[in-house]
Amino acid sequence: MTLSPRARPSGPSGRFLLTFMLLSAALFAYGWYSGWLQVGVYQWLLAGESRTPPWQAGAPNEERSTGRRLALEDYRVGIDALALAGVGSDLSGLTYHPTRHTLFSVVNRPPQIVELSLDGVPLRTIPVEGAFDLEGITHVRGNEFFLADERSQQLIHVVVGEGRSPIDVRGRPRIGLTFDRPGNLGLEGLSWDHVRHRLFVVREKRPLRLFELSGVSTLLDGGPLDLQIGEWLPRGSAAFLLRDLSSLSYHEESGNMLLLSDESRLVIELDSARRPSGLLVLRKGWHGLKNDVPQPEGLTVGPGGEIFVVSEPNLFYRFDPPRQ
């Protein structure tokens, strides 16, 4: 395309306008690519939603916000990009074991369960036989866990005892959520509610989905069949803030949900009314991070409100809450 002589910028004012347009475009591209512009938009949306009273967020019979939140904006990184020695390059999923006071994660290839200290020290690695694409793990009770196998869209119940003996998941109790065949965009993370005995599961994208399963513990105890599966629909700007879902963690003390997005480099807190109430930005310069978190795939909350994140290939992060 060529500009006619009349359409071409001419004179000092025309050159100034062209230079201004080019600089604006470059600044916009840099701001969007670096994430600063996106985060600014997100914070503007959250500020607007915070002015809406919680009881106006939904219908009269829907759950209302308790007003409690973790104040993610005040968290600071305590452990930054610690490489886990001896752990494979496909680390994903994370859960806190309240009795052992340790963390459990999974490795995709070869399928493994990894136990970690709260400081990110690998304690043991347990091979998993019969799994294909492990992406998530959550503690249920005692030594019982659920694993998420993404490609088969199966939630597999396992018992993790002491030692490093392999765990064979073939023939183990499982729940299938095969609503469609998304290939590598299936079940990505799961979290157990120890208070109300609910299992939350997220699908990565196309579309983003968050399922709530109740009645699971009754089934594990051999009780009557009463499994209820519903969709936990976020409200407000959450759907816009998240480009994908890679993990989640339900925080029992507040009734809030933390959602992790790899592509958006964000942890978003949803209050008990399912409205966004806070952001933890996983980008360089935010919360003391020296670099972007490259591919965050696992998230859990610790006993003192610490937020733990694992990222491919084998990186460990701990974000500490503000001092009281």
# chains A, B, ... in the order shown; residues from 1 in each chain; ligands from 1
$ residues_around --residues "region 192-202 of chain A" --least-positions-apart "2" --cutoff "10 Å" --atoms "only C-alpha atoms" --output "ChimeraX atom specification"
/A:95,136-141,145-146,148,155,177,186-190,204-205,208-218,228-232,244-253,255,257,259
$ closest_atom_pairs --of "region 255-314 of chain A" --to "region 113-127 of chain A" --cutoff "12 Å" --atoms "only C-alpha atoms" --output "tab-separated table"
residue	atom	partner	partner_atom	distance
A:Thr300	CA	A:Leu118	CA	11.1
A:Val301	CA	A:Leu118	CA	10.8
A:Gly302	CA	A:Leu118	CA	8.2
A:Pro303	CA	A:Leu118	CA	10.0
A:Gly304	CA	A:Leu118	CA	11.1
A:Glu306	CA	A:Leu118	CA	9.6
A:Ile307	CA	A:Leu118	CA	10.4
A:Phe308	CA	A:Leu118	CA	8.5
A:Val309	CA	A:Gly120	CA	10.2
A:Val310	CA	A:Gly120	CA	9.5
A:Asn314	CA	A:Gly120	CA	10.6
$ closest_residue --among "A:Gly142, A:Gly305, A:Gly86, A:Gly288" --to "Glu162 (chain A)" --atoms "only C-alpha atoms"
A:Gly142
$ atom_distance --atom1 "CA of Leu219 (chain A)" --atom2 "CA of Pro173 (chain A)"
9.7 Å
$ residues_around --residues "Pro110 (chain A)" --least-positions-apart "5" --cutoff "10 Å" --atoms "only C-alpha atoms" --output "PyMOL selection string"
chain A and resi 88-90+127-129+131-134
$ write_last_selection --atoms "N, CA and C atoms" --output "PDB file, in the first residue's frame"
ATOM      1  N   GLY A  88      12.268 -34.989  37.943  1.00  0.00           N
ATOM      2  CA  GLY A  88      12.133 -34.931  36.491  1.00  0.00           C
ATOM      3  C   GLY A  88      11.728 -33.560  35.994  1.00  0.00           C
ATOM      4  N   SER A  89      11.711 -33.420  34.671  1.00  0.00           N
ATOM      5  CA  SER A  89      11.507 -32.110  34.052  1.00  0.00           C
ATOM      6  C   SER A  89      10.057 -31.831  33.698  1.00  0.00           C
ATOM      7  N   ASP A  90       9.113 -32.504  34.314  1.00  0.00           N
ATOM      8  CA  ASP A  90       7.699 -32.300  33.978  1.00  0.00           C
ATOM      9  C   ASP A  90       6.872 -32.269  35.259  1.00  0.00           C
ATOM     10  N   PRO A 127       7.429 -44.280  42.041  1.00  0.00           N
ATOM     11  CA  PRO A 127       6.936 -44.567  40.684  1.00  0.00           C
ATOM     12  C   PRO A 127       5.452 -44.914  40.702  1.00  0.00           C
ATOM     13  N   VAL A 128       4.747 -44.512  39.652  1.00  0.00           N
ATOM     14  CA  VAL A 128       3.323 -44.808  39.490  1.00  0.00           C
ATOM     15  C   VAL A 128       3.148 -45.616  38.212  1.00  0.00           C
ATOM     16  N   GLU A 129       2.630 -46.819  38.350  1.00  0.00           N
ATOM     17  CA  GLU A 129       2.436 -47.706  37.206  1.00  0.00           C
ATOM     18  C   GLU A 129       0.979 -47.685  36.767  1.00  0.00           C
ATOM     19  N   ALA A 131      -0.443 -45.312  34.892  1.00  0.00           N
ATOM     20  CA  ALA A 131      -0.914 -43.959  34.586  1.00  0.00           C
ATOM     21  C   ALA A 131      -0.296 -43.511  33.262  1.00  0.00           C
ATOM     22  N   PHE A 132      -0.943 -42.546  32.606  1.00  0.00           N
ATOM     23  CA  PHE A 132      -0.484 -42.109  31.298  1.00  0.00           C
ATOM     24  C   PHE A 132      -0.060 -40.647  31.277  1.00  0.00           C
ATOM     25  N   ASP A 133      -0.796 -39.784  31.964  1.00  0.00           N
ATOM     26  CA  ASP A 133      -0.566 -38.351  31.821  1.00  0.00           C
ATOM     27  C   ASP A 133      -0.933 -37.644  33.124  1.00  0.00           C
ATOM     28  N   LEU A 134      -0.143 -37.862  34.177  1.00  0.00           N
ATOM     29  CA  LEU A 134      -0.445 -37.273  35.484  1.00  0.00           C
ATOM     30  C   LEU A 134      -0.243 -35.761  35.448  1.00  0.00           C
TER      31      LEU A 134
END
$ select_by_dssp --residues "region 132-265 of chain A" --states "helix (DSSP H, G or I)" --output "ChimeraX atom specification"
/A:216-220,238-241
$ atom_distance --atom1 "CA of Gly223 (chain A)" --atom2 "CA of Arg170 (chain A)"
22.5 Å
$ residues_around --residues "Asp262 (chain A)" --least-positions-apart "2" --cutoff "9 Å" --atoms "only C-alpha atoms" --output "PyMOL selection string"
chain A and resi 242-247+260+264-267+293-297
$ select_by_dssp --residues "region 48-177 of chain A" --states "strand (DSSP E or B)" --output "PyMOL selection string"
chain A and resi 76-83+91-97+102-107+112-116+122-129+134-141+144-149+154-159+167-168+174-176
